[in-house]
$ cat protein-v4.tsv   # TSV, C-alpha atoms
chain	number	residue	atom	x	y	z
E	30	ASN	CA	139.83	134.83	120.55
E	31	ALA	CA	141.39	132.55	123.16
E	32	ASN	CA	139.77	129.45	121.61
E	33	GLU	CA	140.87	130.50	118.12
E	34	SER	CA	144.44	131.01	119.34
E	35	ALA	CA	144.31	127.60	121.04
E	36	ALA	CA	143.03	126.00	117.81
E	37	ILE	CA	145.92	127.49	115.83
E	38	ALA	CA	148.43	126.31	118.45
E	39	THR	CA	146.84	122.84	118.42
E	40	LEU	CA	147.10	122.62	114.63
E	41	LYS	CA	150.78	123.58	114.81
E	42	ASN	CA	151.27	120.88	117.43
E	43	ILE	CA	149.47	118.36	115.20
E	44	ALA	CA	151.73	119.30	112.27
E	45	SER	CA	154.79	118.75	114.44
E	46	ALA	CA	153.44	115.40	115.69
E	47	GLN	CA	152.73	114.25	112.13
E	48	ALA	CA	156.25	115.18	111.01
E	49	GLN	CA	157.74	113.31	113.97
E	50	CYS	CA	155.62	110.21	113.34
E	51	GLN	CA	156.41	110.13	109.62
E	52	ALA	CA	160.13	110.70	110.13
E	53	SER	CA	160.35	107.94	112.74
E	54	GLY	CA	158.64	105.36	110.57
E	55	ALA	CA	156.33	104.43	113.46
E	56	ILE	CA	153.58	103.76	110.89
E	57	ASP	CA	154.70	101.85	107.79
E	58	THR	CA	151.76	99.79	106.49
E	59	ASN	CA	153.47	98.79	103.23
E	60	ASN	CA	156.77	97.93	104.96
E	61	ASN	CA	158.87	99.95	102.51
E	62	GLY	CA	160.86	101.79	105.18
E	63	ALA	CA	159.14	105.13	104.52
E	64	GLY	CA	157.04	106.37	107.42
E	65	GLU	CA	153.41	107.40	106.99
E	66	PHE	CA	151.26	110.04	108.60
E	67	GLY	CA	148.66	108.97	111.16
E	68	PHE	CA	145.25	109.57	112.65
E	69	PHE	CA	144.62	111.08	116.09
E	70	SER	CA	144.12	107.79	117.92
E	71	GLU	CA	147.34	106.42	116.42
E	72	LEU	CA	149.40	109.55	117.17
E	73	SER	CA	148.11	109.62	120.76
E	74	GLY	CA	148.83	105.93	121.32
E	75	ALA	CA	145.16	105.23	122.10
E	76	GLN	CA	144.87	102.68	119.27
E	77	THR	CA	147.26	100.38	117.48
E	78	VAL	CA	148.40	101.57	114.07
E	79	ARG	CA	146.76	100.47	110.82
E	80	THR	CA	147.95	97.55	108.77
E	81	SER	CA	147.93	97.44	104.97
E	82	GLY	CA	144.33	97.98	103.90
E	83	GLY	CA	143.18	97.96	107.51
E	84	ALA	CA	141.47	100.46	109.75
E	85	VAL	CA	142.92	102.15	112.83
E	86	GLY	CA	143.47	99.54	115.52
E	87	SER	CA	143.98	96.70	113.03
E	88	GLY	CA	147.67	96.22	113.83
E	89	THR	CA	149.57	95.17	116.91
E	90	ASP	CA	152.04	98.08	117.22
E	91	ARG	CA	151.47	101.47	118.82
E	92	VAL	CA	153.22	104.79	118.31
E	93	ALA	CA	155.49	104.74	121.35
E	94	PRO	CA	156.05	107.11	122.88
E	95	PRO	CA	152.90	108.90	121.68
E	96	VAL	CA	153.48	112.15	119.80
E	97	LEU	CA	150.11	113.70	120.73
E	98	SER	CA	148.31	114.11	124.03
E	99	ALA	CA	146.13	111.21	125.20
E	100	ALA	CA	143.15	113.58	124.88
E	101	PHE	CA	143.35	113.06	121.11
E	102	GLY	CA	142.48	109.41	121.67
E	103	ASN	CA	138.87	110.49	122.36
E	104	VAL	CA	137.69	110.35	118.75
E	105	ASP	CA	133.92	110.35	118.21
E	106	ALA	CA	132.03	108.16	115.71
E	107	ALA	CA	132.39	110.84	113.01
E	108	GLY	CA	136.19	111.00	113.38
E	109	ARG	CA	136.23	114.27	115.35
E	110	VAL	CA	138.04	115.38	118.50
E	111	LEU	CA	136.72	118.27	120.62
E	112	ARG	CA	139.37	120.50	122.23
E	113	SER	CA	139.06	124.04	123.64
E	114	GLY	CA	135.80	124.88	121.87
E	115	TYR	CA	136.90	123.52	118.48
E	116	TYR	CA	136.30	120.29	116.59
E	117	PHE	CA	139.30	118.78	114.79
E	118	ARG	CA	139.11	116.15	112.04
E	119	MET	CA	142.13	114.43	110.49
E	120	HIS	CA	142.17	113.23	106.87
E	121	LEU	CA	144.55	110.83	105.16
E	122	PRO	CA	144.51	110.03	101.41
E	123	ASP	CA	143.08	107.02	99.64
E	124	ALA	CA	144.44	105.68	96.32
E	125	THR	CA	143.02	108.65	94.36
E	126	ALA	CA	144.15	111.21	97.00
E	127	GLY	CA	140.56	111.35	98.26
E	128	PHE	CA	139.87	112.16	101.90
E	129	GLU	CA	139.60	109.30	104.40
E	130	THR	CA	138.51	110.09	107.96
E	131	GLU	CA	139.49	108.21	111.07
E	132	ASN	CA	136.15	106.44	111.48
E	133	THR	CA	136.20	105.11	107.88
E	134	ALA	CA	139.93	104.65	107.39
E	135	ASP	CA	140.16	101.23	105.78
E	136	GLN	CA	140.93	102.73	102.35
E	137	VAL	CA	144.03	104.78	103.30
E	138	GLN	CA	146.69	104.26	100.65
E	139	ALA	CA	150.21	103.80	102.03
E	140	ALA	CA	152.22	105.60	99.33
E	141	ASN	CA	149.93	108.66	99.43
E	142	SER	CA	149.91	108.75	103.23
E	143	GLU	CA	153.71	108.96	103.17
E	144	VAL	CA	153.41	112.45	101.66
E	145	MET	CA	149.89	113.85	102.36
E	146	TRP	CA	147.53	114.56	105.23
E	147	GLY	CA	145.18	117.36	106.25
E	148	CYS	CA	143.34	118.53	109.35
E	149	TYR	CA	140.38	120.91	109.69
E	150	ALA	CA	139.30	122.79	112.83
E	151	TRP	CA	135.97	124.58	113.25
E	152	PRO	CA	134.10	126.05	116.25
E	153	SER	CA	131.90	123.78	118.32
E	154	SER	CA	129.45	126.68	118.63
E	155	PHE	CA	129.79	129.39	115.98
E	156	GLY	CA	129.93	132.82	117.61
E	157	ASN	CA	130.33	131.39	121.12
E	158	SER	CA	133.40	129.16	121.07
E	159	GLY	CA	134.91	130.81	118.00
E	160	ILE	CA	134.18	132.11	114.53
E	161	ARG	CA	137.04	131.30	112.18
E	162	THR	CA	137.85	127.89	110.73
E	163	PHE	CA	141.36	126.56	110.16
E	164	PHE	CA	143.26	124.01	108.09
E	165	VAL	CA	146.78	122.56	108.14
E	166	ASN	CA	148.45	119.88	106.05
E	167	GLN	CA	151.91	118.44	105.41
E	168	SER	CA	153.23	121.93	104.54
E	169	GLY	CA	152.78	122.95	108.19
E	170	ASP	CA	151.14	126.26	107.24
E	171	VAL	CA	147.96	126.98	109.20
E	172	LEU	CA	145.32	128.61	106.98
E	173	GLY	CA	142.31	130.45	108.33
E	174	CYS	CA	138.95	131.62	107.04
E	175	ARG	CA	136.45	134.09	108.43
E	176	ASN	CA	133.71	131.41	108.15
E	177	ARG	CA	131.01	134.05	107.65
E	178	THR	CA	129.12	132.38	104.82
E	179	ALA	CA	129.26	128.65	105.60
E	180	GLN	CA	129.34	129.19	109.37
E	181	TYR	CA	130.73	125.75	110.12
E	182	SER	CA	129.61	124.96	113.64
E	183	GLY	CA	129.46	121.95	115.93
E	184	THR	CA	128.24	118.68	114.50
E	185	GLY	CA	125.65	120.25	112.18
E	186	THR	CA	127.30	122.42	109.53
E	187	VAL	CA	130.77	120.95	109.12
E	188	PRO	CA	133.37	120.92	106.32
E	189	THR	CA	132.23	117.52	105.05
E	190	ALA	CA	133.38	118.12	101.48
E	191	CYS	CA	136.93	118.04	102.86
E	192	THR	CA	138.11	120.07	99.88
E	193	ALA	CA	137.08	123.39	101.44
E	194	ALA	CA	140.66	124.64	101.80
E	195	PHE	CA	141.61	123.72	98.23
E	196	LEU	CA	141.38	125.94	95.16
E	197	VAL	CA	139.66	123.25	93.12
E	198	ALA	CA	137.51	120.46	94.55
E	199	GLY	CA	139.26	117.16	94.11
E	200	GLY	CA	141.89	115.34	96.10
E	201	MET	CA	144.48	116.07	98.74
E	202	ASP	CA	147.06	116.46	96.00
E	203	GLY	CA	145.41	119.70	94.80
E	204	THR	CA	146.57	123.25	95.42
E	205	VAL	CA	145.68	124.70	98.80
E	206	ALA	CA	144.29	128.22	98.68
E	207	ALA	CA	146.93	130.78	99.60
E	208	ASN	CA	144.27	133.21	100.78
E	209	VAL	CA	141.20	131.32	101.89
E	210	THR	CA	139.68	134.46	103.36
E	211	ALA	CA	138.96	135.55	99.77
E	212	ALA	CA	136.77	132.47	99.36
E	213	ASP	CA	134.65	133.22	102.38
E	214	SER	CA	132.39	130.21	102.08
E	215	GLU	CA	135.33	127.83	102.16
E	216	ALA	CA	137.17	126.42	105.18

$ encode --input "protein-v4.tsv" --output "structure tokens"
Amino acid sequence: NANESAAIATLKNIASAQAQCQASGAIDTNNNGAGEFGFFSELSGAQTVRTSGGAVGSGTDRVAPPVLSAAFGNVDAAGRVLRSGYYFRMHLPDATAGFETENTADQVQAANSEVMWGCYAWPSSFGNSGIRTFFVNQSGDVLGCRNRTAQYSGTGTVPTACTAAFLVAGGMDGTVAANVTAADSEA
């Protein structure tokens, strides 16, 4: 329960950090004056921000001061961060509102990333570090699921489809499930 509570608090903190980054215009890859949402390593100041069509670290500027803890700069090769028994993965949209992860982020589309983002959290060890999975996006509402069917856990069974929290598989511009516990196999 403590890890699940920490995961919820972390997702709320991430939502706040994203709002602060976007409002400040710290990331503006298309130079239109409208701020964009960022990835963990950008929000934590661990990497320079993306440039137009570039991956994380392709620019020269950093989010300063950082809006997330430096611990979120420790992103693994699959775009995940491990905190308090939970894995977290940030997604930003490509041109079709598809899900780009931090480790493959060279297709992030600027106009879509001004209005959309999403982050999943799942236990690093199902049943030991936690049971439920969670999701938050630009709305700031943290959604949870019992995770009994899919049993997302660690680096093996993970929400790779990215659309798990959405009513219909598709892009980040779809409708997020209001009651994901009814769709038990989803995020």

$ closest_residue --input "protein-v4.tsv" --among "E:Asn42, E:Thr125, E:Asn30, E:Thr80" --to "E:Arg161" --atoms "all atoms listed in the file"
E:Asn30

$ closest_atom_pairs --input "protein-v4.tsv" --of "stretch 65-173 of chain E" --to "stretch 192-202 of chain E" --cutoff "12 Å" --atoms "all atoms listed in the file" --output "Markdown table"
| residue | atom | partner | partner_atom | distance |
| --- | --- | --- | --- | --- |
| E:His120 | CA | E:Met201 | CA | 8.9 |
| E:Leu121 | CA | E:Met201 | CA | 8.3 |
| E:Pro122 | CA | E:Met201 | CA | 6.6 |
| E:Asp123 | CA | E:Gly200 | CA | 9.1 |
| E:Ala124 | CA | E:Gly200 | CA | 10.0 |
| E:Thr125 | CA | E:Gly200 | CA | 7.0 |
| E:Ala126 | CA | E:Gly200 | CA | 4.8 |
| E:Gly127 | CA | E:Gly200 | CA | 4.7 |
| E:Phe128 | CA | E:Met201 | CA | 6.8 |
| E:Glu129 | CA | E:Met201 | CA | 10.1 |
| E:Asn141 | CA | E:Asp202 | CA | 9.0 |
| E:Ser142 | CA | E:Met201 | CA | 10.2 |
| E:Val144 | CA | E:Asp202 | CA | 9.4 |
| E:Met145 | CA | E:Met201 | CA | 6.9 |
| E:Trp146 | CA | E:Met201 | CA | 7.3 |
| E:Gly147 | CA | E:Met201 | CA | 7.7 |
| E:Cys148 | CA | E:Ala194 | CA | 10.1 |
| E:Tyr149 | CA | E:Ala194 | CA | 8.7 |
| E:Ala150 | CA | E:Ala194 | CA | 11.3 |
| E:Trp151 | CA | E:Ala193 | CA | 11.9 |
| E:Thr162 | CA | E:Ala194 | CA | 9.9 |
| E:Phe163 | CA | E:Ala194 | CA | 8.6 |
| E:Phe164 | CA | E:Ala194 | CA | 6.8 |
| E:Val165 | CA | E:Ala194 | CA | 9.1 |
| E:Asn166 | CA | E:Met201 | CA | 9.1 |
| E:Gln167 | CA | E:Met201 | CA | 10.3 |
| E:Ser168 | CA | E:Asp202 | CA | 11.9 |
| E:Asp170 | CA | E:Ala194 | CA | 11.9 |
| E:Val171 | CA | E:Ala194 | CA | 10.7 |
| E:Leu172 | CA | E:Ala194 | CA | 8.0 |
| E:Gly173 | CA | E:Ala194 | CA | 8.9 |

$ residues_around --input "protein-v4.tsv" --residues "E:Phe69" --least-positions-apart "3" --cutoff "10 Å" --atoms "all atoms listed in the file" --output "MDAnalysis selection string"
chainID E and resid 43 46:47 72:76 85 96:104 108:110 117:120 131

$ write_last_selection --input "protein-v4.tsv" --atoms "C-alpha atoms" --output "CSV table (one decimal), keeping the file's coordinate frame"
chain,number,residue,atom,x,y,z
E,43,ILE,CA,149.5,118.4,115.2
E,46,ALA,CA,153.4,115.4,115.7
E,47,GLN,CA,152.7,114.2,112.1
E,72,LEU,CA,149.4,109.6,117.2
E,73,SER,CA,148.1,109.6,120.8
E,74,GLY,CA,148.8,105.9,121.3
E,75,ALA,CA,145.2,105.2,122.1
E,76,GLN,CA,144.9,102.7,119.3
E,85,VAL,CA,142.9,102.2,112.8
E,96,VAL,CA,153.5,112.2,119.8
E,97,LEU,CA,150.1,113.7,120.7
E,98,SER,CA,148.3,114.1,124.0
E,99,ALA,CA,146.1,111.2,125.2
E,100,ALA,CA,143.2,113.6,124.9
E,101,PHE,CA,143.4,113.1,121.1
E,102,GLY,CA,142.5,109.4,121.7
E,103,ASN,CA,138.9,110.5,122.4
E,104,VAL,CA,137.7,110.4,118.8
E,108,GLY,CA,136.2,111.0,113.4
E,109,ARG,CA,136.2,114.3,115.4
E,110,VAL,CA,138.0,115.4,118.5
E,117,PHE,CA,139.3,118.8,114.8
E,118,ARG,CA,139.1,116.2,112.0
E,119,MET,CA,142.1,114.4,110.5
E,120,HIS,CA,142.2,113.2,106.9
E,131,GLU,CA,139.5,108.2,111.1

$ closest_residue --input "protein-v4.tsv" --among "E:Gln138, E:Tyr115, E:Lys41, E:Gln51" --to "E:Ile160" --atoms "only C-alpha atoms"
E:Tyr115

$ atom_distance --input "protein-v4.tsv" --atom1 "atom CA of E:Gly183" --atom2 "atom CA of E:Gln49"
29.6 Å

$ residues_near_point --input "protein-v4.tsv" --point "(135.0, 106.6, 111.5)" --cutoff "7 Å" --atoms "all atoms listed in the file" --output "PyMOL selection string"
chain E and resi 106-108+130-134

$ atom_distance --input "protein-v4.tsv" --atom1 "atom CA of E:Phe155" --atom2 "atom CA of E:Gly203"
28.0 Å

$ closest_residue --input "protein-v4.tsv" --among "E:Cys174, E:Arg91, E:Thr39, E:Gln180" --to "E:Ala206" --atoms "all atoms listed in the file"
E:Cys174

$ residues_near_point --input "protein-v4.tsv" --point "(151.2, 100.9, 106.8)" --cutoff "7 Å" --atoms "all atoms listed in the file" --output "MDAnalysis selection string"
chainID E and resid 56:60 65 79:81 139

$ atom_distance --input "protein-v4.tsv" --atom1 "atom CA of E:Gly156" --atom2 "atom CA of E:Glu33"
11.2 Å

$ closest_residue --input "protein-v4.tsv" --among "E:Gly169, E:Arg175, E:Phe66, E:Gly114" --to "E:Ser53" --atoms "only C-alpha atoms"
E:Phe66

$ axis_aligned_box --input "protein-v4.tsv" --around "stretch 94-97 of chain E" --padding-each-side "6 Å" --output "JSON"
{"center_x": 153.1, "center_y": 110.4, "center_z": 121.3, "size_x": 17.9, "size_y": 18.6, "size_z": 15.1}
